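Participant: Below you'll find data-v2.cif; it's mmCIF, C-alpha atoms.
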data_upload
loop_
_atom_site.label_atom_id
_atom_site.label_comp_id
_atom_site.auth_asym_id
_atom_site.auth_seq_id
_atom_site.Cartn_x
_atom_site.Cartn_y
_atom_site.Cartn_z
CA MET A 1 -25.97 -49.62 53.65
CA GLU A 2 -26.56 -51.76 50.60
CA LEU A 3 -30.23 -52.57 50.17
CA ILE A 4 -32.33 -55.11 48.35
CA ASP A 5 -33.21 -54.04 44.80
CA ARG A 6 -36.74 -55.19 44.09
CA GLU A 7 -36.39 -54.31 40.40
CA ASP A 8 -33.51 -56.77 40.12
CA HIS A 9 -34.48 -60.11 38.57
CA GLN A 10 -32.32 -61.98 41.07
CA LYS A 11 -34.20 -63.69 43.89
CA LEU A 12 -34.42 -61.71 47.12
CA TYR A 13 -32.70 -64.31 49.24
CA LEU A 14 -29.74 -64.41 46.82
CA GLN A 15 -29.43 -60.62 46.97
CA LEU A 16 -29.55 -60.74 50.75
CA TYR A 17 -27.01 -63.58 50.75
CA GLU A 18 -24.59 -61.46 48.69
CA ILE A 19 -25.06 -58.41 50.92
CA LEU A 20 -24.45 -60.38 54.11
CA LYS A 21 -21.51 -62.22 52.56
CA LYS A 22 -19.88 -58.87 51.71
CA LYS A 23 -20.32 -57.74 55.31
CA ILE A 24 -18.52 -60.85 56.48
CA GLU A 25 -15.75 -60.83 53.87
CA SER A 26 -15.05 -57.12 54.33
CA GLY A 27 -14.75 -57.57 58.09
CA GLU A 28 -17.70 -55.28 58.82
CA TRP A 29 -19.13 -58.26 60.65
CA ARG A 30 -16.22 -59.78 62.53
CA VAL A 31 -15.46 -63.45 63.00
CA GLY A 32 -16.85 -64.78 66.26
CA THR A 33 -19.56 -62.15 66.61
CA GLN A 34 -23.26 -62.91 66.57
CA ILE A 35 -25.31 -61.78 63.61
CA PRO A 36 -28.52 -59.77 64.13
CA THR A 37 -31.69 -61.73 64.87
CA GLU A 38 -34.03 -62.79 62.08
CA GLU A 39 -36.44 -60.07 63.10
CA ASP A 40 -33.74 -57.39 63.01
CA LEU A 41 -32.60 -58.55 59.56
CA CYS A 42 -36.20 -58.46 58.32
CA ASN A 43 -36.49 -54.86 59.47
CA MET A 44 -33.05 -53.84 58.20
CA PHE A 45 -33.70 -55.09 54.66
CA SER A 46 -37.52 -54.96 54.49
CA VAL A 47 -37.82 -58.61 53.58
CA SER A 48 -39.81 -61.53 54.92
CA ARG A 49 -38.63 -63.93 57.59
CA ALA A 50 -38.50 -66.72 54.96
CA THR A 51 -36.10 -64.67 52.82
CA VAL A 52 -33.82 -64.01 55.79
CA ARG A 53 -33.92 -67.63 56.86
CA THR A 54 -32.98 -68.92 53.40
CA ALA A 55 -30.12 -66.44 53.00
CA VAL A 56 -28.74 -67.30 56.44
CA LEU A 57 -29.02 -71.02 55.73
CA GLU A 58 -27.01 -70.54 52.53
CA LEU A 59 -24.30 -68.73 54.48
CA VAL A 60 -24.24 -71.58 56.98
CA ARG A 61 -24.06 -74.09 54.14
CA HIS A 62 -21.17 -72.21 52.55
CA GLY A 63 -19.25 -72.15 55.81
CA TYR A 64 -19.46 -68.42 56.65
CA LEU A 65 -21.84 -68.81 59.58
CA LYS A 66 -22.27 -71.37 62.30
CA ARG A 67 -25.42 -71.96 64.29
CA GLN A 68 -25.19 -72.69 67.97
CA GLN A 69 -28.16 -74.37 69.56
CA GLY A 70 -29.94 -72.02 71.92
CA LYS A 71 -27.42 -69.21 71.42
CA GLY A 72 -27.79 -67.87 67.91
CA THR A 73 -25.86 -67.65 64.66
CA PHE A 74 -22.24 -66.54 64.63
CA ILE A 75 -19.68 -65.53 62.02
CA TYR A 76 -17.52 -68.60 61.58
CA ARG A 77 -14.98 -67.45 59.02
CA ASN A 78 -14.59 -64.53 56.64
CA THR A 79 -12.66 -66.24 53.90
CA ILE A 80 -13.29 -69.58 52.42
CA SER A 81 -10.02 -70.62 50.82
CA ASP A 82 -8.10 -69.53 53.94
CA GLY A 83 -4.75 -69.34 52.20
CA ILE A 84 -4.77 -72.87 50.89
CA SER A 85 -4.05 -73.04 47.19
CA MET A 86 -6.38 -75.60 45.71
CA LEU A 87 -5.81 -77.33 42.40
CA THR A 88 -9.27 -77.36 41.03
CA ASN A 89 -8.85 -78.03 37.39
CA PHE A 90 -6.66 -79.62 34.83
CA ARG A 91 -5.14 -76.37 33.62
CA GLU A 92 -3.84 -75.60 37.06
CA SER A 93 -2.46 -79.06 37.65
CA MET A 94 -0.36 -79.25 34.50
CA LEU A 95 3.11 -77.80 34.79
CA GLU A 96 3.64 -77.59 31.06
CA GLU A 97 2.37 -75.11 28.48
CA THR A 98 -1.39 -75.49 28.53
CA THR A 99 -2.64 -73.51 25.60
CA SER A 100 -3.42 -76.49 23.44
CA ILE A 101 -5.63 -78.31 25.90
CA THR A 102 -9.06 -79.15 24.63
CA THR A 103 -12.02 -80.87 26.22
CA ASN A 104 -14.43 -83.25 24.56
CA VAL A 105 -17.69 -84.00 26.29
CA LEU A 106 -18.25 -87.74 25.95
CA ALA A 107 -21.46 -87.88 27.96
CA ARG A 108 -23.78 -85.63 29.89
CA THR A 109 -26.86 -87.25 31.24
CA VAL A 110 -28.83 -88.00 34.40
CA MET A 111 -28.71 -91.25 36.32
CA MET A 112 -29.41 -92.84 39.66
CA PRO A 113 -26.54 -93.25 42.14
CA ILE A 114 -24.86 -96.65 41.96
CA ASP A 115 -21.70 -98.18 43.43
CA GLU A 116 -22.04 -96.21 46.69
CA LEU A 117 -22.28 -92.91 44.86
CA ASP A 118 -25.12 -91.96 47.21
CA ILE A 119 -22.74 -92.38 50.15
CA LYS A 120 -19.98 -90.44 48.39
CA LEU A 121 -22.34 -87.55 47.64
CA ASN A 122 -24.25 -87.91 50.90
CA ILE A 123 -27.64 -88.07 49.19
CA PRO A 124 -30.58 -90.52 49.44
CA PRO A 125 -30.16 -93.51 47.09
CA ASP A 126 -33.26 -92.58 45.08
CA LYS A 127 -32.08 -89.06 44.17
CA HIS A 128 -31.07 -88.26 40.61
CA VAL A 129 -27.45 -87.39 39.80
CA ILE A 130 -25.98 -85.49 36.86
CA TYR A 131 -23.27 -87.52 35.15
CA ILE A 132 -20.65 -85.80 33.01
CA LYS A 133 -17.84 -87.63 31.26
CA ARG A 134 -15.13 -85.54 29.62
CA LEU A 135 -11.93 -86.27 27.83
CA GLN A 136 -9.10 -83.78 28.10
CA LEU A 137 -6.53 -83.70 25.33
CA LYS A 138 -3.27 -81.89 24.80
CA ASP A 139 -2.20 -81.50 21.18
CA ASN A 140 -4.94 -84.02 20.39
CA GLU A 141 -3.44 -86.64 22.67
CA PRO A 142 -6.01 -88.01 25.17
CA LEU A 143 -4.64 -87.42 28.65
CA ILE A 144 -7.42 -87.47 31.23
CA ILE A 145 -10.79 -89.21 31.33
CA GLN A 146 -12.85 -87.44 33.94
CA GLU A 147 -16.23 -88.50 35.25
CA SER A 148 -18.13 -86.03 37.42
CA PHE A 149 -21.20 -86.70 39.52
CA ILE A 150 -23.31 -83.85 40.86
CA PRO A 151 -26.60 -84.16 42.77
CA TYR A 152 -29.26 -83.02 40.28
CA HIS A 153 -31.09 -80.82 42.79
CA ILE A 154 -27.98 -78.68 43.39
CA CYS A 155 -27.76 -77.34 39.84
CA PRO A 156 -30.59 -78.66 37.66
CA LEU A 157 -29.65 -76.47 34.68
CA LEU A 158 -26.05 -77.64 34.52
CA LEU A 159 -26.77 -79.88 31.54
CA GLU A 160 -27.43 -76.79 29.45
CA ASP A 161 -24.14 -75.07 30.33
CA ASP A 162 -21.05 -75.04 28.12
CA ILE A 163 -18.99 -77.61 29.97
CA ALA A 164 -16.59 -78.15 27.08
CA ARG A 165 -15.12 -74.66 27.27
CA ASN A 166 -15.64 -73.82 30.93
CA SER A 167 -14.45 -75.44 34.10
CA LEU A 168 -17.24 -77.24 35.93
CA ILE A 169 -16.11 -75.65 39.16
CA ASP A 170 -16.15 -72.16 37.63
CA ILE A 171 -19.71 -72.69 36.37
CA ILE A 172 -20.92 -73.98 39.70
CA GLU A 173 -19.20 -71.24 41.69
CA LYS A 174 -20.07 -68.33 39.42
CA LYS A 175 -23.47 -69.30 38.05
CA TYR A 176 -24.90 -71.15 40.99
CA GLY A 177 -23.15 -69.17 43.73
CA ILE A 178 -21.87 -72.31 45.43
CA ARG A 179 -18.49 -71.66 46.92
CA ILE A 180 -15.91 -74.41 47.40
CA THR A 181 -14.76 -74.61 50.98
CA LYS A 182 -12.80 -77.85 50.81
CA VAL A 183 -11.50 -80.35 48.29
CA ARG A 184 -10.56 -83.83 49.41
CA ASN A 185 -8.33 -85.81 47.08
CA LEU A 186 -7.86 -89.54 47.11
CA ILE A 187 -5.14 -90.89 44.88
CA ASP A 188 -5.02 -94.50 43.83
CA ILE A 189 -3.59 -96.80 41.22
CA GLY A 190 -6.22 -98.25 38.90
CA TYR A 191 -6.18 -100.47 35.87
CA LEU A 192 -7.57 -99.32 32.54
CA ASN A 193 -10.87 -100.92 31.60
CA THR A 194 -11.78 -101.70 27.99
CA ASP A 195 -13.19 -98.27 27.26
CA GLU A 196 -10.35 -96.33 28.93
CA ALA A 197 -7.73 -98.50 27.18
CA ARG A 198 -9.38 -97.83 23.81
CA ILE A 199 -9.39 -94.07 24.42
CA PHE A 200 -5.72 -93.97 25.49
CA GLY A 201 -4.64 -96.52 22.85
CA LEU A 202 -3.07 -98.74 25.52
CA PRO A 203 -3.58 -102.37 26.52
CA GLU A 204 -6.47 -103.12 28.85
CA GLY A 205 -5.30 -103.56 32.44
CA THR A 206 -2.46 -101.03 32.18
CA ALA A 207 -1.82 -99.41 35.57
CA SER A 208 -2.81 -95.75 35.74
CA LEU A 209 -3.06 -92.92 38.21
CA VAL A 210 -6.63 -92.36 39.41
CA THR A 211 -7.64 -89.34 41.44
CA MET A 212 -10.94 -89.06 43.22
CA GLN A 213 -11.94 -85.59 44.30
CA PHE A 214 -14.71 -84.59 46.65
CA TYR A 215 -15.70 -80.93 46.50
CA TYR A 216 -17.41 -79.47 49.52
CA SER A 217 -19.30 -76.33 50.24
CA GLY A 218 -19.63 -76.22 54.01
CA ASP A 219 -20.80 -79.68 54.97
CA THR A 220 -22.36 -80.42 51.58
CA THR A 221 -20.56 -82.55 49.02
CA PHE A 222 -21.57 -81.10 45.71
CA ILE A 223 -19.26 -82.83 43.24
CA TYR A 224 -17.46 -86.11 43.14
CA THR A 225 -15.04 -86.60 40.27
CA ARG A 226 -13.00 -89.58 39.22
CA SER A 227 -10.12 -88.86 36.85
CA VAL A 228 -8.09 -91.52 35.10
CA LYS A 229 -4.77 -90.16 33.87
CA LYS A 230 -2.82 -91.53 30.98
CA PRO A 231 0.06 -93.65 32.27
CA GLY A 232 3.49 -92.10 31.81
CA ARG A 233 2.21 -88.56 31.31
CA PHE A 234 1.75 -87.34 34.86
CA ASN A 235 3.86 -86.78 37.94
CA LEU A 236 2.43 -86.24 41.34
CA LEU A 237 3.71 -83.23 43.24
CA ILE A 238 2.56 -82.49 46.74
CA GLU A 239 3.88 -79.36 48.36
CA PHE A 240 3.24 -78.21 51.90
CA GLU A 241 3.78 -74.72 53.13
CA ARG A 242 3.60 -73.53 56.70
CA LYS A 243 0.99 -70.83 57.03
CA ALA A 244 2.20 -67.47 58.34
CA ILE A 245 0.94 -66.89 61.85
CA MET B 246 -64.28 -88.15 24.63
CA SER B 247 -61.44 -87.05 26.93
CA ASN B 248 -63.20 -83.83 28.05
CA GLY B 249 -60.93 -81.77 25.80
CA LYS B 250 -57.91 -82.73 27.86
CA VAL B 251 -54.46 -82.63 26.33
CA ALA B 252 -51.31 -84.55 27.22
CA LYS B 253 -49.87 -81.81 29.44
CA ASP B 254 -53.03 -81.84 31.60
CA VAL B 255 -52.35 -85.35 32.84
CA MET B 256 -48.65 -85.97 32.29
CA VAL B 257 -46.35 -86.68 35.22
CA GLY B 258 -42.87 -85.20 35.61
CA ILE B 259 -39.88 -87.11 34.31
CA PHE B 260 -38.26 -87.16 37.75
CA GLU B 261 -41.08 -89.33 39.04
CA TYR B 262 -39.09 -92.19 37.55
CA PRO B 263 -35.47 -93.30 37.94
CA HIS B 264 -33.10 -92.43 35.10
CA VAL B 265 -30.33 -94.66 33.80
CA PRO B 266 -27.93 -94.36 30.87
CA TYR B 267 -28.14 -97.09 28.24
CA TRP B 268 -24.83 -98.68 29.24
CA PHE B 269 -26.03 -99.60 32.73
CA THR B 270 -26.33 -103.34 33.17
CA ILE B 271 -29.59 -105.12 33.95
CA SER B 272 -28.28 -105.94 37.43
CA GLN B 273 -27.59 -102.23 38.06
CA ALA B 274 -31.12 -101.44 36.89
CA ILE B 275 -32.49 -104.09 39.25
CA ARG B 276 -30.70 -102.48 42.19
CA ILE B 277 -32.12 -99.12 41.19
CA VAL B 278 -35.65 -100.54 41.01
CA LYS B 279 -35.21 -102.03 44.47
CA VAL B 280 -33.92 -98.79 45.99
CA SER B 281 -36.30 -96.43 44.18
CA PHE B 282 -39.49 -98.46 44.47
CA LEU B 283 -39.41 -101.59 46.58
CA SER B 284 -37.30 -100.48 49.54
CA ALA B 285 -38.91 -97.04 49.43
CA LYS B 286 -42.36 -98.72 49.37
CA LYS B 287 -43.33 -96.65 46.35
CA TYR B 288 -45.43 -98.55 43.86
CA PRO B 289 -46.29 -96.27 40.92
CA GLU B 290 -48.21 -97.73 38.04
CA PRO B 291 -46.27 -98.73 36.03
CA MET B 292 -42.99 -99.27 37.86
CA ALA B 293 -40.47 -98.31 35.23
CA VAL B 294 -37.00 -96.95 34.63
CA LEU B 295 -36.24 -94.39 31.90
CA VAL B 296 -33.23 -95.09 29.68
CA PHE B 297 -31.26 -92.17 28.24
CA ASP B 298 -28.38 -91.78 25.81
CA GLU B 299 -25.14 -89.91 26.49
CA LYS B 300 -26.74 -86.63 25.37
CA TYR B 301 -29.68 -87.07 27.73
CA ASN B 302 -32.16 -87.99 25.04
CA LEU B 303 -34.77 -90.52 26.02
CA MET B 304 -34.03 -93.86 24.38
CA GLY B 305 -36.59 -96.14 25.95
CA THR B 306 -38.37 -97.46 29.00
CA LEU B 307 -37.85 -100.52 31.11
CA THR B 308 -40.64 -102.07 33.17
CA LEU B 309 -40.31 -104.88 35.68
CA LYS B 310 -41.71 -107.22 33.03
CA ASP B 311 -39.05 -106.12 30.52
CA ILE B 312 -36.34 -106.81 33.10
CA LEU B 313 -37.63 -110.30 33.85
CA LYS B 314 -38.00 -111.02 30.14
CA GLY B 315 -34.37 -109.95 29.71
CA LEU B 316 -33.28 -112.41 32.36
CA GLU B 317 -35.16 -115.36 30.90
CA PRO B 318 -32.72 -117.94 29.56
CA ARG B 319 -32.59 -118.05 25.79
CA PHE B 320 -33.59 -121.70 25.52
CA LEU B 321 -36.91 -120.98 27.19
CA LYS B 322 -37.89 -118.17 24.90
CA PRO B 323 -40.61 -119.22 22.47
CA SER B 324 -39.46 -119.41 18.90
CA GLU B 325 -41.85 -118.63 16.12
CA LYS B 326 -40.04 -121.06 13.89
CA ALA B 327 -40.04 -124.05 16.24
CA GLN B 328 -43.13 -126.22 15.78
CA VAL B 329 -43.56 -127.05 19.45
CA PRO B 330 -47.13 -127.85 20.44
CA LYS B 331 -48.46 -125.80 23.36
CA GLU B 332 -49.00 -128.83 25.63
CA ASP B 333 -45.28 -129.67 25.46
CA GLU B 334 -44.58 -126.72 27.78
CA SER B 335 -45.67 -128.95 30.69
CA THR B 336 -42.76 -131.29 30.04
CA LEU B 337 -40.46 -128.40 30.96
CA SER B 338 -41.55 -128.62 34.58
CA LEU B 339 -38.30 -130.28 35.57
CA ILE B 340 -36.35 -127.14 34.88
CA TRP B 341 -38.63 -124.62 36.63
CA ASP B 342 -36.35 -124.75 39.64
CA THR B 343 -33.41 -123.57 37.62
CA LEU B 344 -35.28 -120.83 35.77
CA PHE B 345 -33.82 -117.37 36.54
CA THR B 346 -30.78 -118.78 38.30
CA LYS B 347 -27.90 -119.91 36.10
CA GLU B 348 -27.88 -118.22 32.71
CA SER B 349 -29.85 -115.30 34.13
CA LYS B 350 -26.87 -114.18 36.20
CA GLU B 351 -24.86 -113.80 33.03
CA LEU B 352 -27.75 -112.15 31.22
CA ALA B 353 -27.98 -109.61 34.04
CA GLU B 354 -24.65 -108.19 32.92
CA LYS B 355 -26.11 -107.19 29.54
CA PRO B 356 -26.72 -103.46 29.00
CA VAL B 357 -30.28 -102.27 29.51
CA SER B 358 -30.32 -100.97 25.94
CA GLU B 359 -30.71 -104.58 24.79
CA ILE B 360 -33.93 -105.18 26.67
CA MET B 361 -35.61 -101.75 26.90
CA VAL B 362 -38.70 -100.84 24.92
CA PRO B 363 -37.44 -98.17 22.48
CA ALA B 364 -39.21 -94.81 22.70
CA LYS B 365 -40.50 -94.58 19.15
CA ASN B 366 -43.89 -93.03 19.85
CA PHE B 367 -44.52 -89.77 21.62
CA VAL B 368 -46.99 -86.91 21.90
CA GLU B 369 -46.59 -83.15 22.12
CA PRO B 370 -47.81 -81.40 25.30
CA ASN B 371 -50.85 -79.97 23.49
CA ASP B 372 -51.82 -83.16 21.68
CA PRO B 373 -55.26 -84.48 22.65
CA LEU B 374 -55.31 -87.22 25.21
CA THR B 375 -57.19 -89.38 22.76
CA LYS B 376 -54.09 -89.39 20.56
CA ALA B 377 -52.05 -90.58 23.52
CA ALA B 378 -54.62 -93.30 24.19
CA TYR B 379 -54.54 -94.41 20.56
CA LEU B 380 -50.73 -94.65 20.50
CA MET B 381 -50.60 -96.50 23.78
CA LEU B 382 -53.25 -99.02 22.81
CA HIS B 383 -51.93 -99.72 19.35
CA ASN B 384 -48.30 -100.00 20.43
CA ASP B 385 -48.93 -101.84 23.69
CA LEU B 386 -47.31 -99.08 25.79
CA VAL B 387 -47.69 -98.42 29.49
CA LEU B 388 -45.85 -95.09 29.34
CA LEU B 389 -45.82 -92.52 26.57
CA PRO B 390 -43.19 -89.75 26.47
CA VAL B 391 -44.28 -86.15 26.00
CA LEU B 392 -41.77 -84.21 23.90
CA GLU B 393 -41.80 -80.46 23.39
CA GLY B 394 -40.90 -79.48 19.83
CA LYS B 395 -40.23 -83.17 19.11
CA LYS B 396 -37.03 -82.92 21.14
CA LYS B 397 -37.29 -81.80 24.76
CA PHE B 398 -38.57 -84.54 27.03
CA VAL B 399 -40.97 -82.86 29.45
CA GLY B 400 -43.24 -85.57 30.84
CA LEU B 401 -44.89 -88.94 30.65
CA VAL B 402 -48.45 -89.96 30.01
CA ARG B 403 -49.40 -93.10 31.90
CA MET B 404 -52.20 -95.54 31.18
CA ILE B 405 -53.79 -94.88 34.55
CA GLU B 406 -54.41 -91.19 33.79
CA VAL B 407 -55.55 -91.96 30.24
CA PHE B 408 -58.02 -94.50 31.58
CA ASP B 409 -59.24 -92.10 34.26
CA SER B 410 -59.92 -89.25 31.84
CA ILE B 411 -61.56 -91.34 29.16
CA SER B 412 -63.66 -93.33 31.62
CA ASP B 413 -64.88 -90.09 33.23
CA ALA B 414 -66.05 -88.89 29.84
CA ILE B 415 -67.79 -92.20 29.12
CA LEU B 416 -69.61 -92.24 32.43
CA LYS B 417 -70.76 -88.64 31.97
CA GLU B 418 -72.03 -89.25 28.47
#
Reformat the file's structure so that it appears as C-alpha cells.
Facilitator:
Amino acid sequence: MELIDREDHQKLYLQLYEILKKKIESGEWRVGTQIPTEEDLCNMFSVSRATVRTAVLELVRHGYLKRQQGKGTFIYRNTISDGISMLTNFRESMLEETTSITTNVLARTVMMPIDELDIKLNIPPDKHVIYIKRLQLKDNEPLIIQESFIPYHICPLLLEDDIARNSLIDIIEKKYGIRITKVRNLIDIGYLNTDEARIFGLPEGTASLVTMQFYYSGDTTFIYTRSVKKPGRFNLLIEFERKAI
Amino acid sequence: MSNGKVAKDVMVGIFEYPHVPYWFTISQAIRIVKVSFLSAKKYPEPMAVLVFDEKYNLMGTLTLKDILKGLEPRFLKPSEKAQVPKEDESTLSLIWDTLFTKESKELAEKPVSEIMVPAKNFVEPNDPLTKAAYLMLHNDLVLLPVLEGKKKFVGLVRMIEVFDSISDAILKE
C-alpha cells in the first residue's frame, strides 16, 4: 500500500488526496462502495483527523466522492471526463493548422466582482477575483479576445505563472490539482465595443461570436471565461455521439 | 519615538481592501464600496479602494472623499484663478438641491484613474514607522503602501496604526 512520505515537501493532505484518488481511479475502491471511516483512514496512513478530513473534502469537491447525511461517504465516480471530449482551449477548437498561434497577455490583475460576476462564480460579492485578459493571434492576426475570471482564493499564485505559453486550464489542473468535471458553454452574438473593434481592426458594433464558459470542479465554479471571436473567422461545430453502453 | 517599530510591524494586508483596475468607472467603484463596506457593515479607517494597473502594480488609492470629489460638478470646483470672494459661496444655495445629481451621473462614468490619489510615496517593510509618519503627514495621505524591493506590494500602513504607535511612545516618555 502506498504510504505518506513525510520527507516529501508536498502537504500531507495533498499526498493523501493523490493516494485515495488512485485507489478510486484504478478501481481498487469501486463506485458505489463506502470509503473507510475517518478513524480507519487515520490509522491506515498515520495522519491526523484534520488531514483525512481535508483530503476527503477535496475528493468530494472534485466529484469523486459523495457524502450522504447520516450514512457516510461513498465513491461517486471513478473518472471525471466520463468519455465526453471537452474543448478546453483554443488550440483544440481550431480545425486548421495551429502551429503559429501566439498569445499576448493584455492584462493580469486582481479586482472585485462586478456585473454579476459573483453570481457567475458563486462567490460572495466582496471576494477578490483574478482577472486575465489575453489576445490569441494566428500568423499575427488577432482572432480571440479572452477574459478569464478566477476566484483569488482558489489559486492565489496564478498571477506568477506563465499564462502566455501555457493553457490556463493546464496550469490550474496540473499545478493546483483542480480537476475539471464539467464545462458549460453559452454561445451568444455580441457587438464589438470600442476596445475590441480597435484590436480586430473592425468597425465598432460589428456582430461577433461570443462564448461564455463556466468550468466546474464538482460543484465549484473555478473559472468563468468570456471569449470574443473575430467575425468571419470561426465556424461553430457541435457534434453529438451516443455513448457506448 | 515609535518604540523601534518598523512598517511591517503595523502594516495591514493588501486584501483588507477592495482592488479595482484603473479602467473601472467611478460608478463601478461606488458599487464595490457599497458591497465591500456599507452592506457588509465593515467600516475600516480609512474606507478605501486600491487601484491597480494591468500588470497588477499599485497605481493609487481612492477614498470615499476622493469619489465624492470626482462626482462634484466642474462648475462648483473652486478655481485658483477666479477672484470670487468667500462670502459669495452663500449665493450658490439655490443650486444645492441639484448638487450631485445631474452632471455627477455623467462624471460617474469616468475611469477611477482620473480621480485616484496616485501612489507616489511608499516605504519598505523594514523602514522605521517614523518615516511612514513623515511621508503621510507631509503628503496628506491616509494610506501608505509598503513595497518590498521597491516593487512588490506587500501591505499598507494606515494613519490609525501610526498614531497608535507614536502616541504610545509619547505617553510612555
Participant: Restrict the calculation to only C-alpha atoms, then for each residue of chain A with any atom at most 10 Å from an atom of chain B give the closest atom pair and their distance in Å to one decimal, rows by chain and rising residue number, as a Markdown table.
Facilitator:
| residue | atom | partner | partner_atom | distance |
| --- | --- | --- | --- | --- |
| A:Val105 | CA | B:Lys300 | CA | 9.5 |
| A:Leu106 | CA | B:Glu299 | CA | 7.2 |
| A:Ala107 | CA | B:Glu299 | CA | 4.5 |
| A:Arg108 | CA | B:Lys300 | CA | 5.5 |
| A:Thr109 | CA | B:Tyr301 | CA | 4.5 |
| A:Val110 | CA | B:His264 | CA | 6.2 |
| A:Met111 | CA | B:Val265 | CA | 4.5 |
| A:Met112 | CA | B:His264 | CA | 5.9 |
| A:Pro113 | CA | B:Ile277 | CA | 8.2 |
| A:Ile114 | CA | B:Gln273 | CA | 7.3 |
| A:Asp115 | CA | B:Gln273 | CA | 8.9 |
| A:Pro124 | CA | B:Val280 | CA | 9.6 |
| A:Pro125 | CA | B:Val280 | CA | 6.6 |
| A:Asp126 | CA | B:Ser281 | CA | 5.0 |
| A:Lys127 | CA | B:Pro263 | CA | 8.3 |
| A:His128 | CA | B:His264 | CA | 7.2 |
| A:Val129 | CA | B:His264 | CA | 8.9 |
| A:Ile130 | CA | B:Tyr301 | CA | 10.0 |
| A:Tyr131 | CA | B:Glu299 | CA | 9.2 |
| A:Ile132 | CA | B:Glu299 | CA | 8.9 |
| A:Lys133 | CA | B:Glu299 | CA | 9.0 |
| A:Leu159 | CA | B:Tyr301 | CA | 8.6 |
Participant: I need the chosen residues saved as a CSV table (one decimal), in the frame of the given file, with C-alpha atoms.
Facilitator:
chain,number,residue,atom,x,y,z
A,105,VAL,CA,-17.7,-84.0,26.3
A,106,LEU,CA,-18.2,-87.7,26.0
A,107,ALA,CA,-21.5,-87.9,28.0
A,108,ARG,CA,-23.8,-85.6,29.9
A,109,THR,CA,-26.9,-87.2,31.2
A,110,VAL,CA,-28.8,-88.0,34.4
A,111,MET,CA,-28.7,-91.2,36.3
A,112,MET,CA,-29.4,-92.8,39.7
A,113,PRO,CA,-26.5,-93.2,42.1
A,114,ILE,CA,-24.9,-96.6,42.0
A,115,ASP,CA,-21.7,-98.2,43.4
A,124,PRO,CA,-30.6,-90.5,49.4
A,125,PRO,CA,-30.2,-93.5,47.1
A,126,ASP,CA,-33.3,-92.6,45.1
A,127,LYS,CA,-32.1,-89.1,44.2
A,128,HIS,CA,-31.1,-88.3,40.6
A,129,VAL,CA,-27.4,-87.4,39.8
A,130,ILE,CA,-26.0,-85.5,36.9
A,131,TYR,CA,-23.3,-87.5,35.2
A,132,ILE,CA,-20.6,-85.8,33.0
A,133,LYS,CA,-17.8,-87.6,31.3
A,159,LEU,CA,-26.8,-79.9,31.5
Participant: Once the PyMOL selection byres ((chain A and resi 216) around 10) is applied to the coordinates I shared, what remains selected? I want it as an mmCIF file with C-alpha atoms, keeping the file's coordinate frame.
Facilitator:
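That gives us selection29.cif:
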data_model
loop_
_atom_site.group_PDB
_atom_site.id
_atom_site.type_symbol
_atom_site.label_atom_id
_atom_site.label_comp_id
_atom_site.auth_asym_id
_atom_site.auth_seq_id
_atom_site.Cartn_x
_atom_site.Cartn_y
_atom_site.Cartn_z
ATOM 1 C CA ARG A 61 -24.060 -74.090 54.140
ATOM 2 C CA HIS A 62 -21.170 -72.210 52.550
ATOM 3 C CA GLY A 63 -19.250 -72.150 55.810
ATOM 4 C CA LEU A 121 -22.340 -87.550 47.640
ATOM 5 C CA ILE A 178 -21.870 -72.310 45.430
ATOM 6 C CA ARG A 179 -18.490 -71.660 46.920
ATOM 7 C CA ILE A 180 -15.910 -74.410 47.400
ATOM 8 C CA THR A 181 -14.760 -74.610 50.980
ATOM 9 C CA LYS A 182 -12.800 -77.850 50.810
ATOM 10 C CA VAL A 183 -11.500 -80.350 48.290
ATOM 11 C CA ARG A 184 -10.560 -83.830 49.410
ATOM 12 C CA GLN A 213 -11.940 -85.590 44.300
ATOM 13 C CA PHE A 214 -14.710 -84.590 46.650
ATOM 14 C CA TYR A 215 -15.700 -80.930 46.500
ATOM 15 C CA SER A 217 -19.300 -76.330 50.240
ATOM 16 C CA GLY A 218 -19.630 -76.220 54.010
ATOM 17 C CA ASP A 219 -20.800 -79.680 54.970
ATOM 18 C CA THR A 220 -22.360 -80.420 51.580
ATOM 19 C CA THR A 221 -20.560 -82.550 49.020
ATOM 20 C CA PHE A 222 -21.570 -81.100 45.710
ATOM 21 C CA ILE A 223 -19.260 -82.830 43.240
ATOM 22 C CA TYR A 224 -17.460 -86.110 43.140
#
Participant: Any idea what the distance is between atom CA of A:Val210 and atom CA of A:Val228?
Facilitator: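 Between atom CA of A:Val210 and atom CA of A:Val228 the gap is 4.6 Å.
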Participant: Taking the file as I've supplied it (selection: the PyMOL selection byres ((chain B and resi 354-364) around 12)), which residues are included? Please answer as a ChimeraX atom specification.
Facilitator: /B:264-275,293-298,302-317,348-353,365-368,380-381,384-392,398,401
Participant: Can you list what the PyMOL selection byres ((chain A and resi 187) around 12) grabs from this structure, as a PDB file with C-alpha atoms, keeping the file's coordinate frame?
Facilitator:
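Full text of part-v1.pdb as output:
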ATOM      1  CA  ARG A 184     -10.560 -83.830  49.410  1.00  0.00           C
ATOM      2  CA  ASN A 185      -8.330 -85.810  47.080  1.00  0.00           C
ATOM      3  CA  LEU A 186      -7.860 -89.540  47.110  1.00  0.00           C
ATOM      4  CA  ASP A 188      -5.020 -94.500  43.830  1.00  0.00           C
ATOM      5  CA  ILE A 189      -3.590 -96.800  41.220  1.00  0.00           C
ATOM      6  CA  GLY A 190      -6.220 -98.250  38.900  1.00  0.00           C
ATOM      7  CA  SER A 208      -2.810 -95.750  35.740  1.00  0.00           C
ATOM      8  CA  LEU A 209      -3.060 -92.920  38.210  1.00  0.00           C
ATOM      9  CA  VAL A 210      -6.630 -92.360  39.410  1.00  0.00           C
ATOM     10  CA  THR A 211      -7.640 -89.340  41.440  1.00  0.00           C
ATOM     11  CA  MET A 212     -10.940 -89.060  43.220  1.00  0.00           C
ATOM     12  CA  GLN A 213     -11.940 -85.590  44.300  1.00  0.00           C
ATOM     13  CA  PHE A 214     -14.710 -84.590  46.650  1.00  0.00           C
ATOM     14  CA  THR A 225     -15.040 -86.600  40.270  1.00  0.00           C
ATOM     15  CA  ARG A 226     -13.000 -89.580  39.220  1.00  0.00           C
ATOM     16  CA  SER A 227     -10.120 -88.860  36.850  1.00  0.00           C
ATOM     17  CA  VAL A 228      -8.090 -91.520  35.100  1.00  0.00           C
ATOM     18  CA  LYS A 229      -4.770 -90.160  33.870  1.00  0.00           C
ATOM     19  CA  LEU A 236       2.430 -86.240  41.340  1.00  0.00           C
ATOM     20  CA  LEU A 237       3.710 -83.230  43.240  1.00  0.00           C
ATOM     21  CA  ILE A 238       2.560 -82.490  46.740  1.00  0.00           C
TER      22      ILE A 238
END
